[in-house]
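Only one structure is covered here, and it is reproduced in the block below.
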Amino acid sequence: MASSEPQSLSLRIKPQFDHNGEAHSLGFSLALECPSLTAGQSLCCLNTKMGNGTTQCYTKDQIHVSDSDGFLDIEIHDKGRMRSYLVNRPTTGNVVMNFVAHPVKVDSKTPIGGRYELRRDQGGLQCMGLSTIPIPWDVSLTTKARYRMEIEWDLSDAPQGTRAVSSFGEGRVQRVHPPFDLWRMVFTVGPLKSYPLDAPRGGHFGFYWFGKPPTSITALPPVCEELFAKMSNFFRDKASEENPYRIFVRRATPARGFGGSGGIRSFVLEYDDAIDTISQDEIFTLLAHEMVHNWPLMAADSKEDDLDLVAWYNEGVADYYAAVLPYRISHRTKACFRKHLNAKFTEYYTNPCRLVSNRQAEDKAWTSPNLQTVPYTRGLMYFCKLDAQIRRASNGCKSVDELVLSLLEKLRKYEPFGIREWKDMLVDVLGAKALEDFQTMNKGELIRLPADAFAPDYEVVRVDERELDFGFDMGSFSKRVVSGLNLTSEAAKAGLEDGDEIIKNTFVWQCQQNYERKMRMTIRRGHVEHKIEYWPRAEKMVESWRLHETKS
Ligand SMILES: [Zn+2]
C-alpha cells in the first residue's frame, strides 16, 4: 500500500439488551490497520474526565487487545486528563481492541454538564465518542493523519424496530477522517424515531429522538432544517449526502438538564421535565448557537502567551452568529433580534464575574455557572465591537465576517488557525491598536460598544441594572444543597436557609439572561418541602447597555 493512503480504522458496535428489550451496554471492537508500534508507544488514548462529566476510562483489565501475534499486553499512562494505552511489545499486523461501555448512572443530583457520557434514554443509549471510544491520537488537532473509518453496528441481538445511527448516517458508514473526529461523533441505538420519518440513509438532514418528547421539541425539525440550510450557505459549506447534519435529542430525566453539545456535523439537544418552562425562543437560541459550532473554530495552542485560551472565540462566535445570522437571513424578526441581543447584554453586564480574566474563567469554569458563561458573552461583545470597528474603518465594505471566514478557511486548508493567526488578521484590518483591545478583552476589562454599533436601525444606550445575585454559593446549584447564604440577599429575605436541599429550581441561565426573571425553588428542609421565590438581583446597580430602536 502506498504510504500516503490512509490506514483503516474499523469500529464495530454491538448493543446488548435486557429482558425488556432495553439497550444496557455497548460492546466495541476497534481494529487498527498495522499501526506498527514499538514497545512503550501509545496505541490509543481517552479522556479520563470531561468538564464535570465522567468518561468510560477503561482500566487495563477492561480492554482486551490483540494483534497478529495474539494477546497484546498494555500499560496505562495518565497525564492530566488524558489516559494513554501503551503497548508492552512491538505490534505485528492489525491490532484489535475489545471493550464494553456501560451507561453512567444518573439521578436528580447529577450535575448538568457536557452531553458526552453514555446514557440510557427510554430504551435506547446515546453517547459521544470522546467519553467512550479510545482513539489512536496524541498529536495536535491540526494533524494531517487520516483514517479510512468504517462504523458498523451488529443488531443481531436487537429487538425488532431497533435503529442505530451515528453522526454520519444510519447503520454502516464509511468515511475518511482524522481520528479526533471519532470523538466528536454521536452514537445512538434503540427504538429511535426520526424526522424525516424514515430519515433516509442518503438524506442530509436528520432529527432523532426516543419516546414522546413535548411539542416544543417535536415542532423543531423543519425549523432546524431550514436554518441549517441557510447557515450552511453563509459559512460556504453546502449540505449534501457527504456533508450531512444530524440532531440527536436526549431526555435527561431522572437527571436534570436543558442544553446542547455540538459534535461533528451533529449536536445533542438535551431536555428534562422542566422543558415546559422554556420558551420556543429560548430553545431556538440554543439550537442556533449549537448549529454555528459546525463551522468557525479556533485551535488551542500552548499556555505560553495564553494561546490556549480560545473559549472566548469558540463560544463567543457561536453566541454572536446565533444572534445576528437568523435575523440577517430572514429567519427571525427584528423584534426577536433585539430581544435576543438585549438578553445577552444583560447576561454580560450584570454577571458578577464579568471582570475576571479569561484565564480565571477557564480554570474555574465548572465551579460556577457565572464563570461558565464568561467566554460566551464576553466573546459576543468582543465580536459586536470588532464588527463595528471594521465597518467603520472600511466605510462599510468589510465586517467581522471576513475575519471569521478567513480563519475557517485556514482550518479547511489544514493551516494553523489559532490566536496567532487571529492577531495577524486583526493587525491587517485595523492596525496594531486592535491588539490592545484583544489584550484588554483577555484580561477581562469591560467591553463597551459604540452607540452606533448597530446603526442605522438601533442605538446602544446605557441603562444600568441590578447585578445578578442568587444569594448563596454558586456551587450550591450543582451540589443541590444551599451553602454560603448571604443573609442580606433577596434569597435570605424570601426564607431560604443554609442546608436547604434543592429539589427544583428555575434554570440559572434563564435568570442570567432575563432581567425580570424570578428564581423559583422547591427546597426540602427536614421532611418538609417549601416553595421559595425571589428576584435574584443585588441592591448594587451596575453599568449595563441596551439596544434601542432608533426613532425614524
Ligand atoms: Zn457552545
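Starting from 1 in every chain, residues are counted up; chains themselves are A, B, ... following the order of the C-alpha cells, and ligands are numbered from 1 as listed.
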Protein and nucleic acid residues within 8 Å of ligand 1 (only C-alpha atoms and all ligand atoms) as a PyMOL selection string: chain A and resi 260-262+289-290+293+314-315+318-319+376
Residue subset to file, keeping all heavy atoms, as a compact mmCIF listing (two decimals), in the first residue's frame:
```txt
# COMPACT_ATOMS: atom_id res chain seq x y z
N GLY A 260 -27.29 21.97 24.95
CA GLY A 260 -26.82 21.22 23.80
C GLY A 260 -25.32 21.05 23.84
O GLY A 260 -24.62 21.81 24.51
N SER A 261 -24.83 20.04 23.16
CA SER A 261 -23.40 19.86 22.98
C SER A 261 -23.15 19.52 21.53
O SER A 261 -23.76 18.59 21.00
CB SER A 261 -22.88 18.73 23.88
OG SER A 261 -22.91 19.15 25.21
N GLY A 262 -22.28 20.31 20.91
CA GLY A 262 -22.03 20.13 19.49
C GLY A 262 -21.03 19.02 19.24
O GLY A 262 -20.04 18.88 19.95
N HIS A 289 -27.13 28.52 18.35
CA HIS A 289 -25.78 28.51 18.90
C HIS A 289 -25.07 27.19 18.54
O HIS A 289 -23.94 27.19 18.06
CB HIS A 289 -25.85 28.69 20.42
CG HIS A 289 -24.54 28.53 21.13
ND1 HIS A 289 -23.81 29.60 21.59
CD2 HIS A 289 -23.82 27.43 21.45
CE1 HIS A 289 -22.70 29.16 22.16
NE2 HIS A 289 -22.70 27.84 22.10
N GLU A 290 -25.75 26.10 18.77
CA GLU A 290 -25.13 24.80 18.53
C GLU A 290 -24.85 24.58 17.05
O GLU A 290 -23.84 23.98 16.68
CB GLU A 290 -26.02 23.67 19.06
CG GLU A 290 -26.16 23.68 20.58
CD GLU A 290 -24.83 23.56 21.31
OE1 GLU A 290 -23.87 23.00 20.74
OE2 GLU A 290 -24.75 24.04 22.45
N HIS A 293 -21.65 26.10 15.80
CA HIS A 293 -20.45 25.33 16.16
C HIS A 293 -19.95 24.41 15.05
O HIS A 293 -18.85 23.89 15.12
CB HIS A 293 -20.72 24.48 17.41
CG HIS A 293 -20.52 25.22 18.70
ND1 HIS A 293 -19.44 26.04 18.92
CD2 HIS A 293 -21.25 25.26 19.84
CE1 HIS A 293 -19.52 26.55 20.14
NE2 HIS A 293 -20.61 26.10 20.72
N ASN A 314 -14.51 30.41 20.44
CA ASN A 314 -15.38 29.30 20.03
C ASN A 314 -16.80 29.43 20.56
O ASN A 314 -17.76 29.12 19.86
CB ASN A 314 -14.74 27.97 20.43
CG ASN A 314 -13.47 27.72 19.64
OD1 ASN A 314 -13.33 28.19 18.51
ND2 ASN A 314 -12.52 27.02 20.23
N GLU A 315 -16.95 29.91 21.80
CA GLU A 315 -18.30 30.09 22.33
C GLU A 315 -18.85 31.47 21.96
O GLU A 315 -20.04 31.62 21.69
CB GLU A 315 -18.31 29.91 23.85
CG GLU A 315 -17.95 28.50 24.30
CD GLU A 315 -18.82 27.40 23.68
OE1 GLU A 315 -19.91 27.71 23.16
OE2 GLU A 315 -18.40 26.24 23.70
N ALA A 318 -20.15 31.53 18.44
CA ALA A 318 -21.43 30.81 18.34
C ALA A 318 -22.57 31.67 18.89
O ALA A 318 -23.65 31.73 18.30
CB ALA A 318 -21.35 29.48 19.09
N ASP A 319 -22.31 32.36 20.00
CA ASP A 319 -23.33 33.25 20.56
C ASP A 319 -23.59 34.44 19.62
O ASP A 319 -24.73 34.85 19.43
CB ASP A 319 -22.87 33.79 21.93
CG ASP A 319 -23.59 33.10 23.08
OD1 ASP A 319 -24.26 32.07 22.83
OD2 ASP A 319 -23.50 33.59 24.23
N TYR A 376 -18.66 33.07 26.68
CA TYR A 376 -19.78 33.19 25.73
C TYR A 376 -20.14 34.65 25.51
O TYR A 376 -20.15 35.16 24.39
CB TYR A 376 -21.02 32.46 26.27
CG TYR A 376 -20.91 30.96 26.35
CD1 TYR A 376 -20.05 30.35 27.26
CD2 TYR A 376 -21.68 30.14 25.53
CE1 TYR A 376 -19.97 28.97 27.35
CE2 TYR A 376 -21.59 28.75 25.61
CZ TYR A 376 -20.74 28.17 26.52
OH TYR A 376 -20.66 26.82 26.60
```
Nearby residues (only C-alpha atoms) at most 8 Å from A:Lys479, same-chain spacing under 2 positions excluded, as a ChimeraX atom specification: /A:109,111,475-477,481
Counting only C-alpha atoms, the option among A:Asn358, A:Gln16, A:Thr550, A:Gln7 closest to A:Asp154: A:Gln16
Nearest to A:Glu270, chosen from A:Lys385, A:His340, A:Lys193, A:Arg115, with only C-alpha atoms counted in the distances: A:Arg115
From A:Glu465, A:Phe470, A:Leu355, A:Gln389, residue lying nearest A:Asn442 [only C-alpha atoms]: A:Leu355
Close residues, A:Leu411 itself excluded, 10 Å, only C-alpha atoms, min 6 positions apart in chain, as a count of residues only: 9
Residue nearest A:Asp452 - candidates A:Tyr271, A:Tyr515, A:Asp387, A:Asn486, atoms counted: only C-alpha atoms: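 Result for the nearest residue to A:Asp452: A:Asp387.
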DSSP alpha helix (DSSP H) residues within stretch 402-499 of chain A, listed as a PyMOL selection string: chain A and resi 402-412+419-430+433-443+476-479+490-493
Restricted to N, CA and C atoms, what would the selected residues look like written as a tab-separated table (two decimals), in the first residue's frame?
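This is the output file out-v7.tsv:
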```tsv
chain	number	residue	atom	x	y	z
A	402	GLU	N	-15.48	38.66	7.52
A	402	GLU	CA	-14.30	38.33	6.71
A	402	GLU	C	-13.24	37.62	7.55
A	403	LEU	N	-13.05	38.11	8.78
A	403	LEU	CA	-12.04	37.51	9.65
A	403	LEU	C	-12.43	36.09	10.06
A	404	VAL	N	-13.68	35.95	10.44
A	404	VAL	CA	-14.16	34.64	10.90
A	404	VAL	C	-14.10	33.63	9.75
A	405	LEU	N	-14.52	34.08	8.56
A	405	LEU	CA	-14.50	33.16	7.41
A	405	LEU	C	-13.06	32.86	6.98
A	406	SER	N	-12.15	33.83	7.15
A	406	SER	CA	-10.75	33.57	6.80
A	406	SER	C	-10.13	32.53	7.73
A	407	LEU	N	-10.44	32.65	9.02
A	407	LEU	CA	-9.89	31.67	9.97
A	407	LEU	C	-10.45	30.28	9.65
A	408	LEU	N	-11.72	30.26	9.27
A	408	LEU	CA	-12.35	28.99	8.91
A	408	LEU	C	-11.69	28.39	7.66
A	409	GLU	N	-11.32	29.27	6.74
A	409	GLU	CA	-10.66	28.82	5.51
A	409	GLU	C	-9.31	28.17	5.84
A	410	LYS	N	-8.61	28.73	6.83
A	410	LYS	CA	-7.32	28.16	7.23
A	410	LYS	C	-7.52	26.75	7.77
A	411	LEU	N	-8.55	26.60	8.59
A	411	LEU	CA	-8.86	25.27	9.14
A	411	LEU	C	-9.11	24.28	8.00
A	412	ARG	N	-9.88	24.72	7.01
A	412	ARG	CA	-10.22	23.83	5.88
A	412	ARG	C	-8.99	23.45	5.07
A	419	ILE	N	-4.73	31.65	17.90
A	419	ILE	CA	-4.74	33.06	18.29
A	419	ILE	C	-3.70	33.85	17.50
A	420	ARG	N	-2.55	33.24	17.22
A	420	ARG	CA	-1.51	33.95	16.44
A	420	ARG	C	-2.07	34.43	15.11
A	421	GLU	N	-2.76	33.51	14.43
A	421	GLU	CA	-3.30	33.83	13.10
A	421	GLU	C	-4.38	34.91	13.22
A	422	TRP	N	-5.18	34.80	14.31
A	422	TRP	CA	-6.23	35.79	14.53
A	422	TRP	C	-5.62	37.18	14.72
A	423	LYS	N	-4.55	37.24	15.52
A	423	LYS	CA	-3.91	38.54	15.77
A	423	LYS	C	-3.33	39.13	14.48
A	424	ASP	N	-2.75	38.27	13.65
A	424	ASP	CA	-2.20	38.76	12.37
A	424	ASP	C	-3.31	39.39	11.53
A	425	MET	N	-4.46	38.74	11.52
A	425	MET	CA	-5.57	39.27	10.72
A	425	MET	C	-6.08	40.59	11.29
A	426	LEU	N	-6.10	40.67	12.64
A	426	LEU	CA	-6.54	41.91	13.29
A	426	LEU	C	-5.67	43.09	12.86
A	427	VAL	N	-4.34	42.85	12.90
A	427	VAL	CA	-3.41	43.92	12.55
A	427	VAL	C	-3.60	44.33	11.09
A	428	ASP	N	-3.81	43.34	10.22
A	428	ASP	CA	-4.02	43.65	8.80
A	428	ASP	C	-5.22	44.56	8.60
A	429	VAL	N	-6.29	44.30	9.34
A	429	VAL	CA	-7.54	45.03	9.10
A	429	VAL	C	-7.61	46.35	9.87
A	430	LEU	N	-7.12	46.33	11.13
A	430	LEU	CA	-7.32	47.51	11.98
A	430	LEU	C	-6.03	48.14	12.51
A	433	LYS	N	-3.51	48.76	17.01
A	433	LYS	CA	-4.45	49.14	18.07
A	433	LYS	C	-5.39	47.98	18.42
A	434	ALA	N	-5.71	47.18	17.41
A	434	ALA	CA	-6.65	46.07	17.63
A	434	ALA	C	-6.09	45.04	18.61
A	435	LEU	N	-4.73	44.98	18.69
A	435	LEU	CA	-4.13	44.03	19.62
A	435	LEU	C	-4.35	44.46	21.06
A	436	GLU	N	-4.39	45.79	21.28
A	436	GLU	CA	-4.66	46.30	22.63
A	436	GLU	C	-6.06	45.89	23.07
A	437	ASP	N	-7.03	46.05	22.18
A	437	ASP	CA	-8.40	45.65	22.50
A	437	ASP	C	-8.46	44.16	22.82
A	438	PHE	N	-7.68	43.40	22.05
A	438	PHE	CA	-7.67	41.96	22.27
A	438	PHE	C	-7.14	41.65	23.67
A	439	GLN	N	-6.04	42.34	24.04
A	439	GLN	CA	-5.44	42.09	25.36
A	439	GLN	C	-6.39	42.48	26.49
A	440	THR	N	-7.06	43.62	26.35
A	440	THR	CA	-7.96	44.05	27.43
A	440	THR	C	-9.14	43.09	27.54
A	441	MET	N	-9.58	42.55	26.40
A	441	MET	CA	-10.64	41.53	26.44
A	441	MET	C	-10.13	40.31	27.20
A	442	ASN	N	-8.90	39.90	26.89
A	442	ASN	CA	-8.32	38.71	27.52
A	442	ASN	C	-8.17	38.90	29.03
A	443	LYS	N	-7.86	40.15	29.43
A	443	LYS	CA	-7.69	40.44	30.86
A	443	LYS	C	-9.03	40.56	31.58
A	476	SER	N	-23.71	25.65	44.97
A	476	SER	CA	-24.89	25.02	45.58
A	476	SER	C	-25.81	24.42	44.52
A	477	PHE	N	-25.83	25.05	43.33
A	477	PHE	CA	-26.73	24.54	42.29
A	477	PHE	C	-26.34	23.13	41.85
A	478	SER	N	-25.03	22.87	41.75
A	478	SER	CA	-24.65	21.52	41.33
A	478	SER	C	-24.62	20.56	42.52
A	479	LYS	N	-24.31	21.10	43.73
A	479	LYS	CA	-24.29	20.21	44.90
A	479	LYS	C	-25.70	19.93	45.41
A	490	GLU	N	-31.76	38.76	48.64
A	490	GLU	CA	-33.18	38.53	48.36
A	490	GLU	C	-33.55	37.08	48.69
A	491	ALA	N	-32.59	36.17	48.46
A	491	ALA	CA	-32.85	34.75	48.73
A	491	ALA	C	-33.14	34.54	50.22
A	492	ALA	N	-32.30	35.17	51.08
A	492	ALA	CA	-32.50	35.02	52.53
A	492	ALA	C	-33.81	35.67	52.95
A	493	LYS	N	-34.09	36.84	52.35
A	493	LYS	CA	-35.35	37.53	52.70
A	493	LYS	C	-36.56	36.69	52.33
```
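Taking only C-alpha atoms into account, A:Thr48 lies nearest to A:Ser131 out of the set A:Ser131, A:Asn505, A:Ser10, A:Ser108.
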Coordinates-based distance that separates atom CA of A:Val186 from atom CA of A:Thr506 (Å, one decimal):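 Value for the atom CA of A:Thr506-atom CA of A:Val186 distance: 28.7 Å.
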Surrounding residues of A:Tyr320 excluding itself and chain neighbours under 6 positions, 8 Å, only C-alpha atoms, as a list in words: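 Near A:Tyr320, the qualifying residues are Gly379, Leu380, Met381, Phe383 and Cys384 of chain A.
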Residues within 7 Å of stretch 248-257 of chain A, only C-alpha atoms, excluding chain neighbours under 3 positions, as a ChimeraX atom specification: /A:106-110,112,121,207-209,267-273
Would you put the residues from that selection into a file with N, CA, C and O atoms, as a PDB file, in the first residue's frame?
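Final output, again-v4.pdb:
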```pdb
ATOM      1  N   VAL A 106     -27.379   7.991  36.674  1.00  0.00           N
ATOM      2  CA  VAL A 106     -27.671   9.393  36.986  1.00  0.00           C
ATOM      3  C   VAL A 106     -28.912   9.491  37.866  1.00  0.00           C
ATOM      4  O   VAL A 106     -29.740   8.585  37.886  1.00  0.00           O
ATOM      5  N   ASP A 107     -29.005  10.584  38.611  1.00  0.00           N
ATOM      6  CA  ASP A 107     -30.216  10.873  39.376  1.00  0.00           C
ATOM      7  C   ASP A 107     -30.418  12.386  39.405  1.00  0.00           C
ATOM      8  O   ASP A 107     -29.696  13.122  38.724  1.00  0.00           O
ATOM      9  N   SER A 108     -31.361  12.842  40.205  1.00  0.00           N
ATOM     10  CA  SER A 108     -31.706  14.268  40.176  1.00  0.00           C
ATOM     11  C   SER A 108     -30.562  15.147  40.672  1.00  0.00           C
ATOM     12  O   SER A 108     -30.567  16.354  40.475  1.00  0.00           O
ATOM     13  N   LYS A 109     -29.556  14.531  41.330  1.00  0.00           N
ATOM     14  CA  LYS A 109     -28.435  15.329  41.836  1.00  0.00           C
ATOM     15  C   LYS A 109     -27.250  15.344  40.870  1.00  0.00           C
ATOM     16  O   LYS A 109     -26.249  16.009  41.127  1.00  0.00           O
ATOM     17  N   THR A 110     -27.337  14.591  39.787  1.00  0.00           N
ATOM     18  CA  THR A 110     -26.234  14.572  38.820  1.00  0.00           C
ATOM     19  C   THR A 110     -26.051  15.973  38.236  1.00  0.00           C
ATOM     20  O   THR A 110     -27.020  16.561  37.741  1.00  0.00           O
ATOM     21  N   ILE A 112     -25.414  19.079  35.859  1.00  0.00           N
ATOM     22  CA  ILE A 112     -25.631  19.285  34.425  1.00  0.00           C
ATOM     23  C   ILE A 112     -24.265  19.540  33.801  1.00  0.00           C
ATOM     24  O   ILE A 112     -23.502  20.350  34.306  1.00  0.00           O
ATOM     25  N   ASP A 121     -31.692   6.207  27.550  1.00  0.00           N
ATOM     26  CA  ASP A 121     -32.817   7.093  27.265  1.00  0.00           C
ATOM     27  C   ASP A 121     -33.971   6.272  26.708  1.00  0.00           C
ATOM     28  O   ASP A 121     -33.942   5.872  25.546  1.00  0.00           O
ATOM     29  N   PHE A 207     -33.201  14.284  12.352  1.00  0.00           N
ATOM     30  CA  PHE A 207     -33.505  14.709  13.719  1.00  0.00           C
ATOM     31  C   PHE A 207     -34.033  13.459  14.425  1.00  0.00           C
ATOM     32  O   PHE A 207     -34.987  12.845  13.954  1.00  0.00           O
ATOM     33  N   TYR A 208     -33.420  13.060  15.522  1.00  0.00           N
ATOM     34  CA  TYR A 208     -33.725  11.761  16.137  1.00  0.00           C
ATOM     35  C   TYR A 208     -34.082  11.912  17.610  1.00  0.00           C
ATOM     36  O   TYR A 208     -33.491  12.729  18.314  1.00  0.00           O
ATOM     37  N   TRP A 209     -35.018  11.086  18.058  1.00  0.00           N
ATOM     38  CA  TRP A 209     -35.389  11.116  19.473  1.00  0.00           C
ATOM     39  C   TRP A 209     -35.963   9.774  19.904  1.00  0.00           C
ATOM     40  O   TRP A 209     -36.322   8.940  19.075  1.00  0.00           O
ATOM     41  N   PHE A 267     -25.434  17.603  16.671  1.00  0.00           N
ATOM     42  CA  PHE A 267     -25.401  18.000  18.071  1.00  0.00           C
ATOM     43  C   PHE A 267     -26.467  17.299  18.888  1.00  0.00           C
ATOM     44  O   PHE A 267     -27.428  16.752  18.366  1.00  0.00           O
ATOM     45  N   VAL A 268     -26.214  17.308  20.203  1.00  0.00           N
ATOM     46  CA  VAL A 268     -27.112  16.653  21.142  1.00  0.00           C
ATOM     47  C   VAL A 268     -27.928  17.735  21.836  1.00  0.00           C
ATOM     48  O   VAL A 268     -27.376  18.666  22.405  1.00  0.00           O
ATOM     49  N   LEU A 269     -29.230  17.616  21.739  1.00  0.00           N
ATOM     50  CA  LEU A 269     -30.137  18.547  22.415  1.00  0.00           C
ATOM     51  C   LEU A 269     -30.742  17.815  23.607  1.00  0.00           C
ATOM     52  O   LEU A 269     -31.384  16.784  23.445  1.00  0.00           O
ATOM     53  N   GLU A 270     -30.493  18.354  24.786  1.00  0.00           N
ATOM     54  CA  GLU A 270     -30.951  17.684  25.998  1.00  0.00           C
ATOM     55  C   GLU A 270     -32.119  18.443  26.621  1.00  0.00           C
ATOM     56  O   GLU A 270     -32.117  19.663  26.648  1.00  0.00           O
ATOM     57  N   TYR A 271     -33.095  17.704  27.120  1.00  0.00           N
ATOM     58  CA  TYR A 271     -34.211  18.347  27.831  1.00  0.00           C
ATOM     59  C   TYR A 271     -34.601  17.490  29.024  1.00  0.00           C
ATOM     60  O   TYR A 271     -34.230  16.315  29.112  1.00  0.00           O
ATOM     61  N   ASP A 272     -35.343  18.105  29.947  1.00  0.00           N
ATOM     62  CA  ASP A 272     -35.875  17.324  31.063  1.00  0.00           C
ATOM     63  C   ASP A 272     -37.320  17.740  31.313  1.00  0.00           C
ATOM     64  O   ASP A 272     -37.931  18.403  30.471  1.00  0.00           O
ATOM     65  N   ASP A 273     -37.858  17.387  32.462  1.00  0.00           N
ATOM     66  CA  ASP A 273     -39.280  17.644  32.705  1.00  0.00           C
ATOM     67  C   ASP A 273     -39.607  19.129  32.838  1.00  0.00           C
ATOM     68  O   ASP A 273     -40.776  19.508  32.839  1.00  0.00           O
TER      69      ASP A 273
END
```
Backbone-only DSSP, strand (DSSP E or B) members of stretch 235-406 of chain A, as a PDB file with N, CA and C atoms, in the first residue's frame:
```pdb
ATOM      1  N   TYR A 245     -26.125  16.640   8.329  1.00  0.00           N
ATOM      2  CA  TYR A 245     -26.246  17.211   9.664  1.00  0.00           C
ATOM      3  C   TYR A 245     -27.327  16.458  10.424  1.00  0.00           C
ATOM      4  N   ARG A 246     -27.023  16.117  11.658  1.00  0.00           N
ATOM      5  CA  ARG A 246     -27.994  15.363  12.445  1.00  0.00           C
ATOM      6  C   ARG A 246     -28.104  15.928  13.856  1.00  0.00           C
ATOM      7  N   ILE A 247     -29.328  15.977  14.332  1.00  0.00           N
ATOM      8  CA  ILE A 247     -29.583  16.442  15.691  1.00  0.00           C
ATOM      9  C   ILE A 247     -30.139  15.272  16.494  1.00  0.00           C
ATOM     10  N   PHE A 248     -29.534  15.029  17.645  1.00  0.00           N
ATOM     11  CA  PHE A 248     -29.940  13.909  18.482  1.00  0.00           C
ATOM     12  C   PHE A 248     -30.511  14.447  19.789  1.00  0.00           C
ATOM     13  N   VAL A 249     -31.762  14.111  20.053  1.00  0.00           N
ATOM     14  CA  VAL A 249     -32.405  14.592  21.274  1.00  0.00           C
ATOM     15  C   VAL A 249     -32.167  13.586  22.392  1.00  0.00           C
ATOM     16  N   ARG A 250     -31.941  14.116  23.585  1.00  0.00           N
ATOM     17  CA  ARG A 250     -31.725  13.227  24.725  1.00  0.00           C
ATOM     18  C   ARG A 250     -32.546  13.736  25.901  1.00  0.00           C
ATOM     19  N   ARG A 251     -33.317  12.844  26.503  1.00  0.00           N
ATOM     20  CA  ARG A 251     -34.089  13.213  27.690  1.00  0.00           C
ATOM     21  C   ARG A 251     -33.217  12.932  28.904  1.00  0.00           C
ATOM     22  N   GLY A 259     -29.983  21.837  27.357  1.00  0.00           N
ATOM     23  CA  GLY A 259     -28.827  22.431  26.704  1.00  0.00           C
ATOM     24  C   GLY A 259     -28.402  21.574  25.542  1.00  0.00           C
ATOM     25  N   GLY A 260     -27.292  21.969  24.955  1.00  0.00           N
ATOM     26  CA  GLY A 260     -26.820  21.223  23.801  1.00  0.00           C
ATOM     27  C   GLY A 260     -25.322  21.052  23.845  1.00  0.00           C
ATOM     28  N   SER A 261     -24.833  20.041  23.155  1.00  0.00           N
ATOM     29  CA  SER A 261     -23.397  19.857  22.985  1.00  0.00           C
ATOM     30  C   SER A 261     -23.151  19.522  21.531  1.00  0.00           C
ATOM     31  N   GLY A 262     -22.276  20.308  20.914  1.00  0.00           N
ATOM     32  CA  GLY A 262     -22.028  20.129  19.495  1.00  0.00           C
ATOM     33  C   GLY A 262     -21.026  19.024  19.236  1.00  0.00           C
ATOM     34  N   GLY A 263     -21.284  18.243  18.205  1.00  0.00           N
ATOM     35  CA  GLY A 263     -20.330  17.254  17.733  1.00  0.00           C
ATOM     36  C   GLY A 263     -19.980  17.597  16.304  1.00  0.00           C
ATOM     37  N   SER A 266     -23.222  17.476  13.817  1.00  0.00           N
ATOM     38  CA  SER A 266     -24.317  16.967  14.639  1.00  0.00           C
ATOM     39  C   SER A 266     -24.324  17.671  15.984  1.00  0.00           C
ATOM     40  N   PHE A 267     -25.434  17.603  16.671  1.00  0.00           N
ATOM     41  CA  PHE A 267     -25.401  18.000  18.071  1.00  0.00           C
ATOM     42  C   PHE A 267     -26.467  17.299  18.888  1.00  0.00           C
ATOM     43  N   VAL A 268     -26.214  17.308  20.203  1.00  0.00           N
ATOM     44  CA  VAL A 268     -27.112  16.653  21.142  1.00  0.00           C
ATOM     45  C   VAL A 268     -27.928  17.735  21.836  1.00  0.00           C
ATOM     46  N   LEU A 269     -29.230  17.616  21.739  1.00  0.00           N
ATOM     47  CA  LEU A 269     -30.137  18.547  22.415  1.00  0.00           C
ATOM     48  C   LEU A 269     -30.742  17.815  23.607  1.00  0.00           C
ATOM     49  N   GLU A 270     -30.493  18.354  24.786  1.00  0.00           N
ATOM     50  CA  GLU A 270     -30.951  17.684  25.998  1.00  0.00           C
ATOM     51  C   GLU A 270     -32.119  18.443  26.621  1.00  0.00           C
ATOM     52  N   TYR A 271     -33.095  17.704  27.120  1.00  0.00           N
ATOM     53  CA  TYR A 271     -34.211  18.347  27.831  1.00  0.00           C
ATOM     54  C   TYR A 271     -34.601  17.490  29.024  1.00  0.00           C
TER      55      TYR A 271
END
```
Each residue of stretch 282-396 of chain A lying at most 12 Å from stretch 213-236 of chain A should get a row with its shortest atom-to-atom pair and the distance in Å to one decimal, counting only C-alpha atoms; could you produce that, ordered by chain and increasing number, as CSV?
```
residue,atom,partner,partner_atom,distance
A:Glu282,CA,A:Ser216,CA,10.7
A:Ile283,CA,A:Ser216,CA,8.3
A:Phe284,CA,A:Leu220,CA,8.4
A:Thr285,CA,A:Cys224,CA,11.3
A:Leu286,CA,A:Cys224,CA,11.2
A:Leu287,CA,A:Cys224,CA,7.6
A:Ala288,CA,A:Leu227,CA,7.9
A:His289,CA,A:Met231,CA,11.1
A:Glu290,CA,A:Phe228,CA,10.5
A:Met291,CA,A:Phe228,CA,7.0
A:Val292,CA,A:Met231,CA,7.6
A:His293,CA,A:Met231,CA,10.8
A:Asn294,CA,A:Ser232,CA,9.0
A:Trp295,CA,A:Phe235,CA,6.8
A:Pro296,CA,A:Phe235,CA,8.3
A:Leu297,CA,A:Phe235,CA,11.8
A:Ala318,CA,A:Met231,CA,11.8
A:Tyr321,CA,A:Met231,CA,9.4
A:Ala322,CA,A:Met231,CA,9.8
A:Val324,CA,A:Met231,CA,11.2
A:Leu325,CA,A:Met231,CA,7.5
A:Pro326,CA,A:Leu227,CA,7.4
A:Tyr327,CA,A:Leu227,CA,10.8
A:Arg328,CA,A:Lys230,CA,10.2
A:Ile329,CA,A:Lys230,CA,7.0
A:Ser330,CA,A:Lys230,CA,9.5
A:His331,CA,A:Leu227,CA,7.1
A:Arg332,CA,A:Leu227,CA,10.0
```
For atom CA of A:Cys45 and atom CA of A:Leu155, the interatomic separation in Å (one decimal): 27.0 Å
Gap from atom CA of A:Gly27 to atom CA of A:Val65 - Å, one decimal: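 Between atom CA of A:Gly27 and atom CA of A:Val65 the gap works out to 13.9 Å.
When the distance limit is 10 Å and only C-alpha atoms are what count, the residues near A:Val482, minus those fewer than 2 positions from it on the same chain, are Gly471, Phe472, Asp473, Met474, Gly475, Ser476, Phe477, Ser478, Lys479, Arg480, Gly484, Leu485, Leu496, Glu497, Asp498, Gly499, Asp500, Glu501, Ile502 and Ile523 of chain A.
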Pick from A:Ser156, A:Thr54, A:Ser42, A:Ser68, whichever lies nearest to A:Arg81 using only C-alpha atoms: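 Among the listed residues, A:Thr54 lies closest to A:Arg81.
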Mind dumping a table of every stretch 305-375 of chain A residue within 9 Å of stretch 457-464 of chain A, with the nearest atom pair and its distance in Å to one decimal, using only C-alpha atoms, sorted by chain and rising number, as a Markdown table?
```
| residue | atom | partner | partner_atom | distance |
| --- | --- | --- | --- | --- |
| A:Arg338 | CA | A:Tyr458 | CA | 8.7 |
| A:Tyr349 | CA | A:Asp464 | CA | 8.9 |
| A:Thr350 | CA | A:Asp464 | CA | 8.9 |
```
Would you mind exporting N, CA and C atoms of the selected residues as a compact mmCIF listing (two decimals), in the first residue's frame?
```
# COMPACT_ATOMS: atom_id res chain seq x y z
N ARG A 338 -33.62 42.01 18.58
CA ARG A 338 -33.33 42.98 19.64
C ARG A 338 -33.46 42.33 21.02
N TYR A 349 -23.33 42.21 31.25
CA TYR A 349 -23.04 43.35 32.13
C TYR A 349 -23.42 43.10 33.59
N THR A 350 -24.42 42.27 33.84
CA THR A 350 -24.84 42.08 35.24
C THR A 350 -24.23 40.83 35.87
```
